[in-house]
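Raw my_file24.cif, mmCIF, C-alpha atoms and all ligand atoms:
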```
data_data
loop_
_atom_site.label_atom_id
_atom_site.label_comp_id
_atom_site.auth_asym_id
_atom_site.auth_seq_id
_atom_site.Cartn_x
_atom_site.Cartn_y
_atom_site.Cartn_z
CA MET F 244 -32.71 15.35 -24.00
CA VAL F 245 -33.83 11.99 -25.35
CA ALA F 246 -32.26 10.63 -28.55
CA LEU F 247 -34.51 10.77 -31.59
CA ALA F 248 -35.70 7.41 -32.79
CA ALA F 249 -33.64 6.21 -35.73
CA ASP F 250 -36.59 6.30 -38.10
CA ASP F 251 -38.02 9.58 -36.91
CA VAL F 252 -38.58 11.45 -40.15
CA ARG F 253 -40.25 14.80 -39.72
CA PRO F 254 -43.02 15.70 -42.15
CA SER F 255 -41.75 19.24 -42.48
CA VAL F 256 -38.05 19.87 -42.34
CA THR F 257 -36.23 23.04 -41.40
CA GLU F 258 -32.55 23.88 -41.65
CA THR F 259 -31.95 23.20 -37.98
CA GLU F 260 -33.62 19.83 -37.71
CA THR F 261 -31.75 16.59 -38.00
CA VAL F 262 -33.37 14.18 -40.40
CA TYR F 263 -33.32 10.50 -39.63
CA HIS F 264 -34.15 7.82 -42.13
CA LEU F 265 -31.56 5.16 -41.67
CA LYS F 266 -30.70 1.95 -43.39
CA ARG F 267 -31.20 -0.61 -40.62
CA GLY F 268 -28.82 -3.44 -39.86
CA PRO F 269 -30.13 -6.90 -38.92
CA GLU F 270 -28.64 -6.58 -35.44
CA GLY F 271 -30.01 -3.23 -34.34
CA THR F 272 -28.20 -0.31 -32.79
CA ALA F 273 -24.54 -0.46 -31.73
CA LEU F 274 -24.21 3.05 -30.33
CA ALA F 275 -26.63 5.76 -29.29
CA ILE F 276 -25.15 9.25 -29.04
CA GLU F 277 -27.47 11.41 -26.96
CA ASP F 278 -27.28 15.21 -26.87
CA PHE F 279 -23.50 14.97 -26.87
CA ARG F 280 -21.62 18.22 -26.31
CA LEU F 281 -17.89 18.85 -26.14
CA TRP F 282 -15.73 21.84 -25.25
CA TYR F 283 -12.01 22.39 -25.84
CA GLY F 284 -11.47 24.84 -22.98
CA ALA F 285 -13.97 27.65 -23.60
CA ALA F 286 -14.59 26.71 -27.25
CA GLN F 287 -17.55 24.45 -27.87
CA ALA F 288 -16.78 22.03 -30.71
CA LEU F 289 -19.88 19.78 -30.55
CA HIS F 290 -23.40 21.04 -29.92
CA GLY F 291 -26.03 18.51 -28.87
CA VAL F 292 -25.26 15.72 -31.33
CA SER F 293 -27.85 12.92 -31.18
CA MET F 294 -27.62 9.92 -33.48
CA THR F 295 -27.69 6.15 -33.44
CA VAL F 296 -25.20 3.93 -35.24
CA GLU F 297 -26.37 0.65 -36.72
CA ARG F 298 -24.47 -2.48 -35.76
CA GLY F 299 -22.59 -4.15 -38.62
CA LEU F 300 -23.10 -1.29 -41.06
CA VAL F 301 -20.75 1.42 -42.30
CA THR F 302 -21.56 4.95 -41.16
CA ALA F 303 -19.77 7.91 -42.79
CA LEU F 304 -19.23 11.26 -41.06
CA ILE F 305 -18.91 14.08 -43.60
CA GLY F 306 -18.81 17.86 -43.48
CA PRO F 307 -16.46 20.78 -44.10
CA SER F 308 -13.11 21.11 -42.37
CA GLY F 309 -13.43 21.96 -38.68
CA CYS F 310 -17.09 20.87 -38.37
CA GLY F 311 -16.23 18.35 -35.64
CA LYS F 312 -16.10 14.99 -37.45
CA SER F 313 -12.81 13.86 -35.89
CA THR F 314 -13.82 15.24 -32.52
CA LEU F 315 -17.01 13.17 -32.60
CA LEU F 316 -15.18 10.04 -33.79
CA ARG F 317 -12.52 10.38 -31.08
CA SER F 318 -15.21 10.91 -28.47
CA LEU F 319 -16.54 7.42 -29.17
CA ASN F 320 -13.53 5.64 -27.68
CA ARG F 321 -12.59 8.52 -25.40
CA MET F 322 -9.39 9.33 -27.25
CA ASN F 323 -10.14 12.98 -26.45
CA ASP F 324 -9.72 12.27 -22.72
CA LEU F 325 -6.04 12.98 -23.05
CA ILE F 326 -6.62 16.63 -24.02
CA ASP F 327 -6.23 19.26 -21.30
CA GLY F 328 -9.33 21.35 -20.55
CA LEU F 329 -11.70 19.00 -22.34
CA ARG F 330 -15.27 18.86 -21.09
CA THR F 331 -18.25 16.86 -22.32
CA GLY F 332 -21.99 16.68 -21.74
CA GLY F 333 -24.67 14.21 -22.83
CA ARG F 334 -24.19 10.47 -23.21
CA VAL F 335 -22.77 7.86 -25.56
CA MET F 336 -24.57 4.59 -24.91
CA PHE F 337 -22.73 1.41 -25.89
CA ASP F 338 -24.34 -1.90 -24.88
CA GLY F 339 -26.53 -0.17 -22.32
CA THR F 340 -23.68 1.71 -20.63
CA ASP F 341 -22.75 5.36 -20.96
CA ILE F 342 -19.08 5.25 -21.98
CA TYR F 343 -18.61 8.53 -20.08
CA ASP F 344 -19.70 6.90 -16.84
CA ARG F 345 -16.89 7.20 -14.26
CA ARG F 346 -16.87 3.44 -13.73
CA VAL F 347 -16.04 2.63 -17.36
CA ASP F 348 -12.62 1.05 -17.91
CA VAL F 349 -11.28 3.20 -20.75
CA ILE F 350 -8.58 0.72 -21.78
CA ALA F 351 -11.19 -2.03 -22.11
CA LEU F 352 -13.45 0.35 -24.04
CA ARG F 353 -10.68 1.13 -26.54
CA LYS F 354 -10.17 -2.59 -27.11
CA ARG F 355 -13.79 -2.87 -28.14
CA MET F 356 -13.47 0.16 -30.41
CA GLY F 357 -10.39 -0.10 -32.61
CA MET F 358 -9.09 3.04 -34.26
CA VAL F 359 -7.33 3.65 -37.56
CA PHE F 360 -5.76 7.07 -38.15
CA GLN F 361 -5.18 9.30 -41.19
CA LYS F 362 -1.53 8.44 -41.49
CA PRO F 363 -0.58 4.80 -41.11
CA ASN F 364 1.27 4.45 -37.80
CA PRO F 365 3.01 1.06 -37.76
CA PHE F 366 5.39 0.56 -34.87
CA PRO F 367 9.12 0.20 -35.66
CA MET F 368 9.03 -3.57 -35.32
CA SER F 369 8.25 -6.58 -37.50
CA ILE F 370 4.96 -7.10 -39.31
CA PHE F 371 4.25 -10.02 -36.96
CA GLU F 372 4.90 -8.00 -33.81
CA ASN F 373 2.79 -5.10 -35.08
CA VAL F 374 -0.23 -7.32 -35.54
CA ILE F 375 0.03 -9.05 -32.18
CA TYR F 376 0.84 -5.86 -30.29
CA PRO F 377 -2.59 -5.78 -28.54
CA LEU F 378 -2.09 -9.41 -27.43
CA ARG F 379 1.40 -8.64 -26.11
CA VAL F 380 -0.10 -5.80 -24.06
CA ASP F 381 -2.50 -8.36 -22.60
CA GLY F 382 0.44 -10.62 -21.73
CA ILE F 383 -0.54 -13.42 -24.16
CA ARG F 384 2.55 -15.51 -24.97
CA ASP F 385 1.15 -18.75 -26.41
CA ARG F 386 2.92 -19.03 -29.78
CA HIS F 387 0.05 -20.93 -31.34
CA VAL F 388 -2.48 -18.23 -30.36
CA LEU F 389 -0.17 -15.48 -31.61
CA GLU F 390 0.44 -17.17 -34.97
CA GLU F 391 -3.25 -17.88 -35.45
CA THR F 392 -4.12 -14.27 -34.67
CA VAL F 393 -1.55 -12.95 -37.14
CA GLU F 394 -2.93 -15.13 -39.92
CA ARG F 395 -6.57 -14.29 -39.10
CA ALA F 396 -5.95 -10.55 -38.84
CA LEU F 397 -3.78 -10.33 -41.96
CA LYS F 398 -6.31 -12.35 -43.93
CA GLY F 399 -9.04 -10.11 -42.53
CA SER F 400 -7.18 -7.05 -43.74
CA ALA F 401 -6.46 -8.57 -47.17
CA LEU F 402 -2.70 -8.47 -46.57
CA TRP F 403 -1.81 -12.10 -45.89
CA ASP F 404 -0.87 -13.08 -49.45
CA GLU F 405 1.37 -10.04 -49.82
CA VAL F 406 3.33 -10.46 -46.59
CA LYS F 407 3.09 -14.09 -45.43
CA ASP F 408 6.69 -14.76 -46.51
CA ARG F 409 8.15 -11.75 -44.71
CA LEU F 410 6.29 -11.61 -41.43
CA HIS F 411 9.49 -11.06 -39.48
CA GLN F 412 10.72 -8.14 -41.57
CA SER F 413 10.22 -4.56 -40.48
CA ALA F 414 6.78 -3.07 -41.06
CA LEU F 415 8.47 0.18 -42.03
CA GLY F 416 9.55 -1.41 -45.32
CA MET F 417 5.94 -1.74 -46.49
CA SER F 418 4.18 0.66 -48.87
CA GLY F 419 1.85 3.28 -47.37
CA GLY F 420 -1.24 1.33 -48.43
CA GLN F 421 0.16 -1.89 -46.95
CA GLN F 422 1.02 -0.05 -43.75
CA GLN F 423 -2.56 1.18 -43.47
CA ARG F 424 -3.90 -2.35 -43.98
CA LEU F 425 -1.41 -3.50 -41.32
CA CYS F 426 -2.89 -0.92 -38.93
CA ILE F 427 -6.32 -2.31 -39.72
CA ALA F 428 -4.96 -5.83 -39.02
CA ARG F 429 -3.61 -4.61 -35.67
CA ALA F 430 -7.02 -3.17 -34.83
CA ILE F 431 -8.74 -6.43 -35.84
CA ALA F 432 -6.28 -8.53 -33.81
CA ALA F 433 -7.71 -7.01 -30.63
CA ASP F 434 -11.10 -8.45 -31.67
CA PRO F 435 -13.05 -5.17 -31.49
CA GLU F 436 -16.76 -4.69 -32.15
CA VAL F 437 -16.41 -1.23 -33.67
CA LEU F 438 -13.76 0.16 -36.03
CA LEU F 439 -13.32 3.92 -36.00
CA MET F 440 -11.53 5.20 -39.10
CA ASP F 441 -10.37 8.80 -39.32
CA GLU F 442 -9.80 9.57 -43.01
CA PRO F 443 -7.95 6.27 -43.46
CA CYS F 444 -7.18 6.92 -47.14
CA SER F 445 -6.11 10.55 -47.05
CA ALA F 446 -2.40 9.67 -47.26
CA LEU F 447 -2.86 6.97 -49.92
CA ASP F 448 -2.78 6.85 -53.72
CA PRO F 449 -5.90 5.83 -55.69
CA ILE F 450 -4.93 2.15 -55.97
CA ALA F 451 -4.21 1.80 -52.26
CA THR F 452 -7.41 3.74 -51.56
CA ALA F 453 -9.44 1.32 -53.68
CA LYS F 454 -7.97 -1.60 -51.69
CA ILE F 455 -8.94 -0.02 -48.37
CA GLU F 456 -12.44 0.66 -49.69
CA GLU F 457 -12.76 -2.99 -50.77
CA LEU F 458 -11.53 -4.01 -47.35
CA ILE F 459 -14.11 -1.82 -45.61
CA ASP F 460 -16.75 -3.55 -47.68
CA ASP F 461 -15.40 -6.99 -46.63
CA LEU F 462 -15.24 -6.01 -42.96
CA SER F 463 -18.73 -4.57 -42.76
CA GLY F 464 -21.18 -7.05 -41.29
CA ARG F 465 -18.51 -8.40 -38.94
CA TYR F 466 -17.73 -4.98 -37.49
CA THR F 467 -19.59 -1.74 -37.00
CA ILE F 468 -17.54 0.79 -38.94
CA ILE F 469 -17.60 4.57 -38.56
CA ILE F 470 -15.49 6.45 -41.08
CA VAL F 471 -14.64 10.14 -41.32
CA THR F 472 -14.00 11.18 -44.89
CA HIS F 473 -13.58 14.35 -46.93
CA ASN F 474 -14.16 12.42 -50.08
CA MET F 475 -17.83 12.45 -51.11
CA GLN F 476 -17.38 9.66 -53.64
CA GLN F 477 -15.77 7.55 -50.96
CA ALA F 478 -18.63 8.15 -48.53
CA ALA F 479 -21.09 7.26 -51.29
CA ARG F 480 -19.16 4.10 -52.24
CA VAL F 481 -18.43 2.61 -48.82
CA SER F 482 -21.15 3.65 -46.40
CA ASP F 483 -24.69 2.56 -45.64
CA ASN F 484 -25.63 5.67 -43.66
CA THR F 485 -24.14 9.16 -43.81
CA ALA F 486 -24.15 11.91 -41.20
CA PHE F 487 -23.56 15.47 -42.42
CA MET F 488 -22.09 17.82 -39.81
CA TYR F 489 -21.67 21.57 -39.91
CA LEU F 490 -20.22 23.90 -37.26
CA GLY F 491 -20.27 21.22 -34.58
CA ARG F 492 -23.86 20.17 -35.21
CA LEU F 493 -25.38 17.13 -36.85
CA ILE F 494 -27.41 18.63 -39.68
CA GLU F 495 -28.75 15.65 -41.59
CA TYR F 496 -28.39 11.91 -41.13
CA GLY F 497 -29.79 9.19 -43.30
CA GLU F 498 -29.31 6.35 -45.73
CA THR F 499 -26.31 7.18 -47.88
CA GLU F 500 -28.03 6.79 -51.23
CA ALA F 501 -30.80 9.20 -50.24
CA MET F 502 -28.31 11.64 -48.71
CA PHE F 503 -26.47 11.87 -52.01
CA THR F 504 -29.36 11.73 -54.43
CA ASN F 505 -32.14 13.41 -52.50
CA PRO F 506 -30.94 15.25 -49.39
CA LYS F 507 -33.70 16.83 -47.36
CA LEU F 508 -31.86 20.03 -46.51
CA GLY F 509 -30.41 22.72 -48.78
CA ARG F 510 -27.17 22.86 -46.83
CA THR F 511 -26.57 19.12 -47.23
CA ARG F 512 -27.36 19.38 -50.94
CA ASP F 513 -24.87 22.24 -51.34
CA TYR F 514 -22.16 20.27 -49.56
CA VAL F 515 -22.61 16.94 -51.31
CA THR F 516 -22.77 18.63 -54.71
CA GLY F 517 -19.55 20.52 -53.95
CA ARG F 518 -21.01 24.03 -53.71
CA PHE F 519 -19.13 24.59 -50.48
CA GLY F 520 -16.64 22.74 -48.37
N1 LIG F 601 -7.08 19.44 -29.47
C1 LIG F 601 -7.83 20.51 -29.77
N2 LIG F 601 -7.79 21.63 -29.01
C2 LIG F 601 -8.53 22.70 -29.29
N3 LIG F 601 -9.41 22.77 -30.32
C3 LIG F 601 -9.49 21.69 -31.11
C4 LIG F 601 -8.71 20.50 -30.89
N4 LIG F 601 -9.03 19.59 -31.86
C5 LIG F 601 -9.94 20.19 -32.64
N5 LIG F 601 -10.22 21.43 -32.22
C6 LIG F 601 -11.20 22.37 -32.80
O1 LIG F 601 -12.47 21.75 -32.80
C7 LIG F 601 -13.17 22.03 -34.00
C8 LIG F 601 -13.51 20.70 -34.71
O2 LIG F 601 -12.30 20.10 -35.14
P1 LIG F 601 -12.26 18.65 -35.79
O3 LIG F 601 -10.81 18.31 -36.03
O4 LIG F 601 -13.06 17.72 -34.99
O5 LIG F 601 -13.01 18.91 -37.16
P2 LIG F 601 -13.05 18.03 -38.49
O6 LIG F 601 -14.41 18.18 -39.04
O7 LIG F 601 -12.56 16.65 -38.21
O8 LIG F 601 -11.99 18.81 -39.39
P3 LIG F 601 -11.01 18.26 -40.54
O9 LIG F 601 -11.90 17.71 -41.60
O10 LIG F 601 -10.26 19.49 -40.98
O11 LIG F 601 -10.13 17.21 -39.91
C9 LIG F 601 -12.26 22.94 -34.82
O12 LIG F 601 -12.66 24.26 -34.58
C10 LIG F 601 -10.89 22.66 -34.26
O13 LIG F 601 -10.05 23.78 -34.39
#
```

Just give me the structure as structure tokens.
Amino acid sequence: MVALAADDVRPSVTETETVYHLKRGPEGTALAIEDFRLWYGAAQALHGVSMTVERGLVTALIGPSGCGKSTLLRSLNRMNDLIDGLRTGGRVMFDGTDIYDRRVDVIALRKRMGMVFQKPNPFPMSIFENVIYPLRVDGIRDRHVLEETVERALKGSALWDEVKDRLHQSALGMSGGQQQRLCIARAIAADPEVLLMDEPCSALDPIATAKIEELIDDLSGRYTIIIVTHNMQQAARVSDNTAFMYLGRLIEYGETEAMFTNPKLGRTRDYVTGRFG
């Protein structure tokens, strides 16, 4: 099946059709997901998902628990590969290559697509070593390069001023919100093109959440960001485009403002207005 064009808006819309009317970024499409299907053993979790993701914009994935948001997100950097009995169909095109092609170097792919998880997962080492971890893995030892990367990544994640005087202390002594920004710094240090965020604020208080949201706003433009969130207000605040999923299918996809103020489908309307979830 061929992916629908990003601006393919159907004149008459039914419950089963995906609606596309996206906000466009200046740099075009970063990813094209084409008829993507995924099975955990015999259970199919994703059914023919087709969507494009705009480069440099923030795309939110929303939908009720178990609808497949995290599965789709993890499929984009092949994190799901590690699961026994996993099978996929369809394609995920990234820079003209299907990331599911056998020849793709998965480690290199994951460097281009950084991931931030629900719970901050700093390593039990210093703040400095956490940030440069991806460079250490690459065998980079030049002190000057490492120090520059730490400063760039911590500034990029709005953490530099808070931690610049204690870079060699343990990251485990930081607050939860700081730890999450440290994880974002670690992802940025690898110089990715895409940042995948799986409910990055779900373990954080409102103040730390607001800081991460501000940070997402700062990072957009430089990175293509895809964020899974349960929080409708958060999706509305941080994203340019929103994809609504239900039972493993993409139901409606469009510019965030329109998705929240004038969704095309009844099911999307019910979800974004809190009638089910
Ligand atoms: N490792 C796994 N093995 C088997 N089934 C899985 C696995 N991970 C997820 N699933 C199933 O796949 C479906 C989609 O799950 P997924 O976690 O992607 O949904 P979600 O929309 O992110 O949910 P939530 O918002 O609760 O995190 C669910 O039915 C879930 O039980």

Item to complete: Compute the set of protein, DNA and RNA residues whose minimum atom distance to ligand LIG 601 (chain F) is at most 6 Å, using only C-alpha atoms and all ligand atoms, and state it as a PyMOL selection string.
Response: chain F and resi 283+288+308-314

Discussion item. I'd like to know which of F:Thr499, F:Gln361, F:Thr504, F:Thr472 is closest to Leu447 of chain F, using all atoms listed in the file.
Written reply: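 Using all atoms listed in the file, the shortest distance to Leu447 of chain F belongs to F:Gln361.
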
Item to complete: May I ask which of the residues F:Leu389, F:Ile305, F:Met417, F:Ile383 is the closest one to Val515 of chain F, counting all atoms listed in the file?
Response: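 Once distances to Val515 of chain F are computed over all atoms listed in the file, the minimum belongs to F:Ile305.
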
Worksheet item: From the list F:Cys444, F:Leu438, F:Leu415, F:Ile427, which residue is nearest Arg465 of chain F when using only C-alpha atoms?
Response: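 The answer is F:Leu438, which sits nearest to Arg465 of chain F.
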
Practice prompt. Name all residues at most 9 Å from segment 481-494 of chain F (count all atoms listed in the file; drop same-chain ones fewer than 5 positions away) and give them as number ranges by chain.
Written response: F: 258-262, 264-267, 280, 287-294, 296-297, 300-312, 315, 456-457, 459-460, 468-470, 476, 499-500, 502-503, 508, 510-511, 514

Worksheet item: Using only C-alpha atoms, can you list as a list of chain:residue names the residues within 9 Å of (-2.6, -5.1, -38.4)?
Response: F:Pro365, F:Ile370, F:Phe371, F:Asn373, F:Val374, F:Ile375, F:Tyr376, F:Val393, F:Ala396, F:Leu397, F:Ser400, F:Leu402, F:Gln422, F:Gln423, F:Arg424, F:Leu425, F:Cys426, F:Ile427, F:Ala428, F:Arg429, F:Ala430, F:Ile431, F:Ala432

Worksheet item: What is the atom CA of Arg355 of chain F to atom CA of Asp434 of chain F distance in Å?
Response: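 Between atom CA of Arg355 of chain F and atom CA of Asp434 of chain F the gap is 7.1 Å.
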
Show me the residues around (-21.4, 0.0, -21.2) - criterion: an atom at most 12 Å away, all atoms listed in the file counted - as a compact mmCIF listing (two decimals) with C-alpha atoms, in the frame of the given file.
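That gives us part.txt:
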```
# COMPACT_ATOMS: atom_id res chain seq x y z
CA ALA F 273 -24.54 -0.46 -31.73
CA LEU F 274 -24.21 3.05 -30.33
CA ALA F 275 -26.63 5.76 -29.29
CA LEU F 319 -16.54 7.42 -29.17
CA ASN F 320 -13.53 5.64 -27.68
CA ARG F 334 -24.19 10.47 -23.21
CA VAL F 335 -22.77 7.86 -25.56
CA MET F 336 -24.57 4.59 -24.91
CA PHE F 337 -22.73 1.41 -25.89
CA ASP F 338 -24.34 -1.90 -24.88
CA GLY F 339 -26.53 -0.17 -22.32
CA THR F 340 -23.68 1.71 -20.63
CA ASP F 341 -22.75 5.36 -20.96
CA ILE F 342 -19.08 5.25 -21.98
CA TYR F 343 -18.61 8.53 -20.08
CA ASP F 344 -19.70 6.90 -16.84
CA ARG F 345 -16.89 7.20 -14.26
CA ARG F 346 -16.87 3.44 -13.73
CA VAL F 347 -16.04 2.63 -17.36
CA ASP F 348 -12.62 1.05 -17.91
CA VAL F 349 -11.28 3.20 -20.75
CA ALA F 351 -11.19 -2.03 -22.11
CA LEU F 352 -13.45 0.35 -24.04
CA ARG F 355 -13.79 -2.87 -28.14
```

Worksheet entry | Length of the atom CA of Ser318 of chain F to atom CA of Phe360 of chain F vector [Å] |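 Answer for the atom CA of Ser318 of chain F to atom CA of Phe360 of chain F separation: 14.1 Å.
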
Discussion item. For a test of reading the model, state the distance in Å between atom CA of Leu462 of chain F and atom CA of Pro506 of chain F, rounded to one decimal.
Written reply: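 About the pair atom CA of Leu462 of chain F and atom CA of Pro506 of chain F: they are 27.2 Å apart.
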
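The closest residue to Arg321 of chain F, picked from F:Glu495, F:Ser463, F:Met356, F:Met440 and counting only C-alpha atoms, is F:Met356.
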
Add whatever atoms are absent from segment 387-418 of chain F to reach N, CA and C atoms, and provide the output as an mmCIF file, in the frame of the given file.
```
data_model
loop_
_atom_site.group_PDB
_atom_site.id
_atom_site.type_symbol
_atom_site.label_atom_id
_atom_site.label_comp_id
_atom_site.auth_asym_id
_atom_site.auth_seq_id
_atom_site.Cartn_x
_atom_site.Cartn_y
_atom_site.Cartn_z
ATOM 1 N N HIS F 387 1.097 -20.458 -30.443
ATOM 2 C CA HIS F 387 0.050 -20.930 -31.340
ATOM 3 C C HIS F 387 -1.047 -19.861 -31.480
ATOM 4 N N VAL F 388 -1.442 -19.286 -30.343
ATOM 5 C CA VAL F 388 -2.480 -18.230 -30.360
ATOM 6 C C VAL F 388 -1.985 -17.020 -31.147
ATOM 7 N N LEU F 389 -0.713 -16.668 -30.932
ATOM 8 C CA LEU F 389 -0.170 -15.480 -31.610
ATOM 9 C C LEU F 389 -0.123 -15.708 -33.132
ATOM 10 N N GLU F 390 0.330 -16.895 -33.526
ATOM 11 C CA GLU F 390 0.440 -17.170 -34.970
ATOM 12 C C GLU F 390 -0.940 -17.212 -35.619
ATOM 13 N N GLU F 391 -1.876 -17.810 -34.910
ATOM 14 C CA GLU F 391 -3.250 -17.880 -35.450
ATOM 15 C C GLU F 391 -3.843 -16.480 -35.608
ATOM 16 N N THR F 392 -3.581 -15.632 -34.616
ATOM 17 C CA THR F 392 -4.120 -14.270 -34.670
ATOM 18 C C THR F 392 -3.523 -13.496 -35.836
ATOM 19 N N VAL F 393 -2.221 -13.659 -36.037
ATOM 20 C CA VAL F 393 -1.550 -12.950 -37.140
ATOM 21 C C VAL F 393 -2.185 -13.362 -38.469
ATOM 22 N N GLU F 394 -2.371 -14.665 -38.642
ATOM 23 C CA GLU F 394 -2.930 -15.130 -39.920
ATOM 24 C C GLU F 394 -4.374 -14.626 -40.085
ATOM 25 N N ARG F 395 -5.163 -14.737 -39.022
ATOM 26 C CA ARG F 395 -6.570 -14.290 -39.100
ATOM 27 C C ARG F 395 -6.650 -12.791 -39.396
ATOM 28 N N ALA F 396 -5.844 -11.999 -38.673
ATOM 29 C CA ALA F 396 -5.950 -10.550 -38.840
ATOM 30 C C ALA F 396 -5.413 -10.102 -40.195
ATOM 31 N N LEU F 397 -4.336 -10.739 -40.655
ATOM 32 C CA LEU F 397 -3.780 -10.330 -41.960
ATOM 33 C C LEU F 397 -4.686 -10.801 -43.098
ATOM 34 N N LYS F 398 -5.334 -11.933 -42.917
ATOM 35 C CA LYS F 398 -6.310 -12.350 -43.930
ATOM 36 C C LYS F 398 -7.488 -11.402 -43.901
ATOM 37 N N GLY F 399 -7.914 -11.037 -42.683
ATOM 38 C CA GLY F 399 -9.040 -10.110 -42.530
ATOM 39 C C GLY F 399 -8.770 -8.750 -43.127
ATOM 40 N N SER F 400 -7.498 -8.368 -43.178
ATOM 41 C CA SER F 400 -7.180 -7.050 -43.740
ATOM 42 C C SER F 400 -6.617 -7.176 -45.155
ATOM 43 N N ALA F 401 -6.827 -8.321 -45.770
ATOM 44 C CA ALA F 401 -6.460 -8.570 -47.170
ATOM 45 C C ALA F 401 -4.972 -8.338 -47.427
ATOM 46 N N LEU F 402 -4.138 -8.725 -46.453
ATOM 47 C CA LEU F 402 -2.700 -8.470 -46.570
ATOM 48 C C LEU F 402 -1.889 -9.760 -46.542
ATOM 49 N N TRP F 403 -2.515 -10.839 -46.144
ATOM 50 C CA TRP F 403 -1.810 -12.100 -45.890
ATOM 51 C C TRP F 403 -0.967 -12.535 -47.102
ATOM 52 N N ASP F 404 -1.597 -12.572 -48.279
ATOM 53 C CA ASP F 404 -0.870 -13.080 -49.450
ATOM 54 C C ASP F 404 0.350 -12.231 -49.779
ATOM 55 N N GLU F 405 0.252 -10.932 -49.490
ATOM 56 C CA GLU F 405 1.370 -10.040 -49.820
ATOM 57 C C GLU F 405 2.529 -10.156 -48.835
ATOM 58 N N VAL F 406 2.256 -10.540 -47.606
ATOM 59 C CA VAL F 406 3.330 -10.460 -46.590
ATOM 60 C C VAL F 406 3.637 -11.785 -45.880
ATOM 61 N N LYS F 407 2.938 -12.851 -46.233
ATOM 62 C CA LYS F 407 3.090 -14.090 -45.430
ATOM 63 C C LYS F 407 4.531 -14.620 -45.432
ATOM 64 N N ASP F 408 5.312 -14.273 -46.469
ATOM 65 C CA ASP F 408 6.690 -14.760 -46.510
ATOM 66 C C ASP F 408 7.690 -13.798 -45.863
ATOM 67 N N ARG F 409 7.204 -12.680 -45.357
ATOM 68 C CA ARG F 409 8.150 -11.750 -44.710
ATOM 69 C C ARG F 409 7.596 -11.163 -43.409
ATOM 70 N N LEU F 410 6.948 -12.059 -42.669
ATOM 71 C CA LEU F 410 6.290 -11.610 -41.430
ATOM 72 C C LEU F 410 7.279 -11.062 -40.406
ATOM 73 N N HIS F 411 8.541 -11.494 -40.510
ATOM 74 C CA HIS F 411 9.490 -11.060 -39.480
ATOM 75 C C HIS F 411 10.389 -9.915 -39.945
ATOM 76 N N GLN F 412 10.013 -9.350 -41.123
ATOM 77 C CA GLN F 412 10.720 -8.140 -41.570
ATOM 78 C C GLN F 412 10.037 -6.905 -41.011
ATOM 79 N N SER F 413 10.767 -5.788 -41.061
ATOM 80 C CA SER F 413 10.220 -4.560 -40.480
ATOM 81 C C SER F 413 8.979 -4.077 -41.219
ATOM 82 N N ALA F 414 8.003 -3.624 -40.456
ATOM 83 C CA ALA F 414 6.780 -3.070 -41.060
ATOM 84 C C ALA F 414 7.061 -1.753 -41.770
ATOM 85 N N LEU F 415 8.173 -1.126 -41.424
ATOM 86 C CA LEU F 415 8.470 0.180 -42.030
ATOM 87 C C LEU F 415 8.907 0.043 -43.491
ATOM 88 N N GLY F 416 9.183 -1.191 -43.919
ATOM 89 C CA GLY F 416 9.550 -1.410 -45.320
ATOM 90 C C GLY F 416 8.338 -1.622 -46.219
ATOM 91 N N MET F 417 7.156 -1.514 -45.682
ATOM 92 C CA MET F 417 5.940 -1.740 -46.490
ATOM 93 C C MET F 417 5.525 -0.437 -47.164
ATOM 94 N N SER F 418 4.713 -0.554 -48.223
ATOM 95 C CA SER F 418 4.180 0.660 -48.870
ATOM 96 C C SER F 418 3.151 1.312 -47.931
#
```
